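Let me begin by presenting the structure, written as structure tokens, before commenting on it.
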Amino acid sequence: MDKRKLGVPLVCHGHSRPVVDLFYSPVTPDGFFLISASKDSSPMLRNGETGDWIGTFEGHKGAVWSCCLDTNALRAASGSADFTARIWDALTGDELHSFEHKHIVRACAFSENTHRLLTGGIEKVLRIFDLNRPDAAPREVEKSPGSIRTAQWLHSDQTILSSCTDIGGVRLWDVRSGKIVQTLETKSSVTSAEVSQDGRYITTADGSSVKFWDANHFGLVRSFNMPCVVESASLEPKLGNKFIAGGEDMWIRLFDFHTGEEIACNKGHHGPVHCVRFSPGGESYASGSEDGTIRIWQTTYHEDNDSSSTNGLITGNGKVKVTVDEVSRKIEGFHVSKERTATEEKEDVVNTATTVA
């Protein structure tokens, strides 16, 4: 199959402004979920498999730059230009707590044990909030050399990694001492940093380069030059043999992890791509764009396997099968959208293409 002749993605509408961050939950007994952050100030929760809307978290007064879900997808967190980071009940959509900051919050992340929330932003300060004592003052880790763009936990919450908006490199902080123990050098500022599902690799995007680092010894494992300036990259979590990247040219490209060879190239967005992420099983990946849409692409379109697709849902061995009705029953506090679902929109696109042909 020619790498440019690809399947039709699931298109997720709902945001009125650019989508700047995406986060998939791990697989839970109810399936897996996708949360998105947008400059429209309203993070949205979706069925991670179908892309169907579940609910919107309402309360922020400014652009939301970062979002995440905890390990069980029971709580969501968001960081915003309204100088707050907020914790939400992912079952009801209710705000549980708002953490005040002195400037824009660009990054937030739940610890692996879900007891702490990490934030960072324009202030050049990393903050660690104890979610068991949300009214207590946070621990502050200062001396970041620049405004914080990304922040993540690793090493079972013993280490924090962060990147800056205005200078290159990724800094690794020892949580106990609050000091920088290692710097991963890059020429450009790192706009995306992801810790792989198995904890082996750190994936970074800087300028027109995607790099993979050993998460334990911090050596550079691989570095690939991209066709354009990329803003985000993600490593396939199940086999670790592919990665995706998206950026200024509006395309989402799939590459071979070992050779850097381009496997597939997806076009559909009408603006630069700000974020890309693989689903927890690697069967699909999502992209968020300046055009305000999220698109979910099936990895299996590019592979020979025994999986089959029914109405856009992967049903091969080992894949999680969860319907919108099942998810909506779990999320009792949210209302099922009256808008058309992403699956229905995909079917219309396919039907229209068939009629034209």
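FYI, nothing fancy with the structure tokens labels: chains A, B, ... in order, residues from 1 per chain, ligands from 1 as they appear.
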>> Using DSSP secondary structure from the backbone, list all strand (DSSP E or B) positions within segment 128-276 of chain A, as a ChimeraX atom specification.
In response: /A:128-130,139-141,148-154,159-164,168-174,179-195,201-206,209-214,220-225,230-235,242-247,251-256,262-267,273-276
>> For segment 183-189 of chain A, find every residue with an atom within 8 Å (counting only C-alpha atoms), except residues of its own chain fewer than 4 positions away, and show them as a list in words.
In response: Ser163, Cys164, Thr165, Asp166, Ile167, Gly168, Gly169, Val170, Arg171, Leu172, Asp206, Gly207 and Phe218 of chain A
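Straight-line separation from atom CA of Leu220 of chain A to atom CA of Leu69 of chain A: 28.8 Å.
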>> What's around segment 233-245 of chain A at 8 Å? Count only C-alpha atoms, leave out sequence neighbours fewer than 3 positions away in its own chain, and write the answer as a ChimeraX atom specification.
In response: /A:192-194,196-198,203-205,210,230,252-258,275-282
Keeping only N, CA, C and O atoms, write those residues as a CSV table (one decimal), in the first residue's frame.
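Result written to again.csv:
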```csv
chain,number,residue,atom,x,y,z
A,192,SER,N,8.0,19.0,23.5
A,192,SER,CA,7.3,17.8,23.9
A,192,SER,C,8.2,16.9,24.5
A,192,SER,O,9.3,16.6,24.0
A,193,ALA,N,7.9,16.3,25.7
A,193,ALA,CA,8.7,15.3,26.4
A,193,ALA,C,7.7,14.2,26.9
A,193,ALA,O,6.8,14.6,27.6
A,194,GLU,N,8.0,13.0,26.5
A,194,GLU,CA,7.1,11.9,26.9
A,194,GLU,C,8.0,10.8,27.5
A,194,GLU,O,9.0,10.4,26.9
A,196,SER,N,8.1,6.8,28.1
A,196,SER,CA,7.5,5.7,27.5
A,196,SER,C,6.7,4.9,28.5
A,196,SER,O,7.0,4.9,29.7
A,197,GLN,N,5.8,4.1,28.1
A,197,GLN,CA,4.9,3.3,29.0
A,197,GLN,C,5.7,2.3,29.8
A,197,GLN,O,5.4,2.1,31.0
A,198,ASP,N,6.8,1.8,29.3
A,198,ASP,CA,7.6,0.8,30.0
A,198,ASP,C,8.7,1.5,30.8
A,198,ASP,O,9.5,0.9,31.5
A,203,THR,N,11.1,10.5,25.1
A,203,THR,CA,10.9,11.0,23.7
A,203,THR,C,10.8,12.5,23.7
A,203,THR,O,9.9,13.0,24.4
A,204,THR,N,11.6,13.2,23.0
A,204,THR,CA,11.6,14.6,22.9
A,204,THR,C,11.5,15.2,21.5
A,204,THR,O,12.0,14.5,20.6
A,205,ALA,N,10.9,16.3,21.4
A,205,ALA,CA,10.8,17.0,20.1
A,205,ALA,C,11.4,18.4,20.3
A,205,ALA,O,11.0,19.1,21.2
A,210,VAL,N,13.6,14.8,16.4
A,210,VAL,CA,13.0,13.9,17.4
A,210,VAL,C,14.1,13.0,18.0
A,210,VAL,O,14.8,12.4,17.3
A,230,VAL,N,8.9,20.2,14.2
A,230,VAL,CA,7.9,19.4,14.9
A,230,VAL,C,7.6,19.9,16.3
A,230,VAL,O,8.6,20.5,16.9
A,252,ILE,N,0.8,14.5,10.0
A,252,ILE,CA,1.2,13.6,11.1
A,252,ILE,C,1.9,12.4,10.5
A,252,ILE,O,1.3,11.6,9.7
A,253,ARG,N,3.2,12.2,10.8
A,253,ARG,CA,3.9,11.2,10.1
A,253,ARG,C,4.2,10.0,11.1
A,253,ARG,O,4.5,10.3,12.3
A,254,LEU,N,4.2,8.8,10.6
A,254,LEU,CA,4.5,7.6,11.3
A,254,LEU,C,5.9,7.1,10.8
A,254,LEU,O,6.1,7.0,9.6
A,255,PHE,N,6.8,6.8,11.7
A,255,PHE,CA,8.2,6.5,11.4
A,255,PHE,C,8.5,5.1,12.0
A,255,PHE,O,8.0,4.7,13.1
A,256,ASP,N,9.5,4.5,11.4
A,256,ASP,CA,10.1,3.3,12.0
A,256,ASP,C,11.1,3.7,13.1
A,256,ASP,O,12.0,4.6,12.8
A,257,PHE,N,11.0,3.2,14.3
A,257,PHE,CA,11.8,3.6,15.4
A,257,PHE,C,13.3,3.3,15.2
A,257,PHE,O,14.2,4.0,15.6
A,258,HIS,N,13.6,2.1,14.5
A,258,HIS,CA,14.9,1.7,14.4
A,258,HIS,C,15.7,2.4,13.2
A,258,HIS,O,16.9,2.6,13.4
A,275,CYS,N,0.0,18.7,19.1
A,275,CYS,CA,0.2,17.6,20.0
A,275,CYS,C,-0.2,16.3,19.3
A,275,CYS,O,-1.1,16.2,18.5
A,276,VAL,N,0.6,15.2,19.5
A,276,VAL,CA,0.3,13.9,19.1
A,276,VAL,C,0.5,12.9,20.2
A,276,VAL,O,1.5,13.1,21.0
A,277,ARG,N,-0.3,11.9,20.3
A,277,ARG,CA,-0.1,10.9,21.3
A,277,ARG,C,-0.7,9.5,20.9
A,277,ARG,O,-1.7,9.5,20.2
A,278,PHE,N,0.1,8.4,21.2
A,278,PHE,CA,-0.4,7.1,20.9
A,278,PHE,C,-1.4,6.7,22.0
A,278,PHE,O,-1.3,7.1,23.2
A,279,SER,N,-2.4,5.9,21.6
A,279,SER,CA,-3.3,5.3,22.6
A,279,SER,C,-2.5,4.3,23.4
A,279,SER,O,-1.4,3.8,23.0
A,280,PRO,N,-3.0,3.9,24.6
A,280,PRO,CA,-2.2,3.0,25.5
A,280,PRO,C,-1.9,1.6,24.9
A,280,PRO,O,-0.9,1.0,25.3
A,281,GLY,N,-2.7,1.1,23.9
A,281,GLY,CA,-2.4,-0.2,23.3
A,281,GLY,C,-1.7,0.0,22.0
A,281,GLY,O,-1.3,-1.0,21.3
A,282,GLY,N,-1.5,1.2,21.5
A,282,GLY,CA,-0.8,1.5,20.2
A,282,GLY,C,-1.6,1.2,19.0
A,282,GLY,O,-1.1,1.4,17.9
```
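Taking only C-alpha atoms into account, Trp173 of chain A lies nearest to A:Val141 out of the set A:Val141, A:Val273, A:Ile104, A:Ile202.
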Go through segment 83-112 of chain A residue by residue and, counting only C-alpha atoms, keep those with an atom at most 12 Å from segment 9-22 of chain A; for each kept residue give the shortest atom pair and its distance in Å to one decimal, ordered by chain and increasing number, as a Markdown table.
```
| residue | atom | partner | partner_atom | distance |
| --- | --- | --- | --- | --- |
| A:Arg106 | CA | A:Asp21 | CA | 10.1 |
| A:Ala107 | CA | A:Asp21 | CA | 9.7 |
| A:Cys108 | CA | A:Asp21 | CA | 10.9 |
```
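For the pair atom CA of Gly51 of chain A and atom CA of Phe23 of chain A, the separation is 12.6 Å.
If only C-alpha atoms are the atoms counted, then among A:Thr28, A:Asn47, A:Asn113, A:Gln182 the closest residue to Asp157 of chain A is A:Asn113.
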> By how many Å are atom CA of Asp30 of chain A and atom CA of Trp53 of chain A apart?
Replying inline: 15.1 Å
Identify, on the basis of only C-alpha atoms, every residue whose closest approach to Ser156 of chain A does not exceed 10 Å; exclude the query and any residue fewer than 6 positions from it along the same chain; express the result as a compact mmCIF listing (two decimals) with C-alpha atoms, in the first residue's frame.
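Once written, around_25.txt looks like this:
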```txt
# COMPACT_ATOMS: atom_id res chain seq x y z
CA SER A 111 2.37 11.18 40.14
CA GLU A 112 2.35 7.45 39.45
CA ASN A 113 0.80 6.75 42.84
CA GLY A 199 9.79 3.59 31.48
```
>> Show me, as an MDAnalysis selection string, the residues that have an atom within 8 Å of Pro138 of chain A when counting only C-alpha atoms, minus same-chain residues fewer than 2 positions from it.
In response: chainID A and resid 127:130 136 140
>> I'd like to know which of A:Ser232, A:Thr71, A:Asn216, A:Ser208 is closest to Thr150 of chain A, using only C-alpha atoms.
In response: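 Distance minimum relative to Thr150 of chain A lands on A:Ser232.
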> Given the choices A:Tyr285, A:Ile180, A:Met226, A:Ala73, which gets closest to Glu261 of chain A if the distance is worked out from only C-alpha atoms?
Replying inline: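 Residue with the minimum atom-to-atom distance to Glu261 of chain A: A:Met226.
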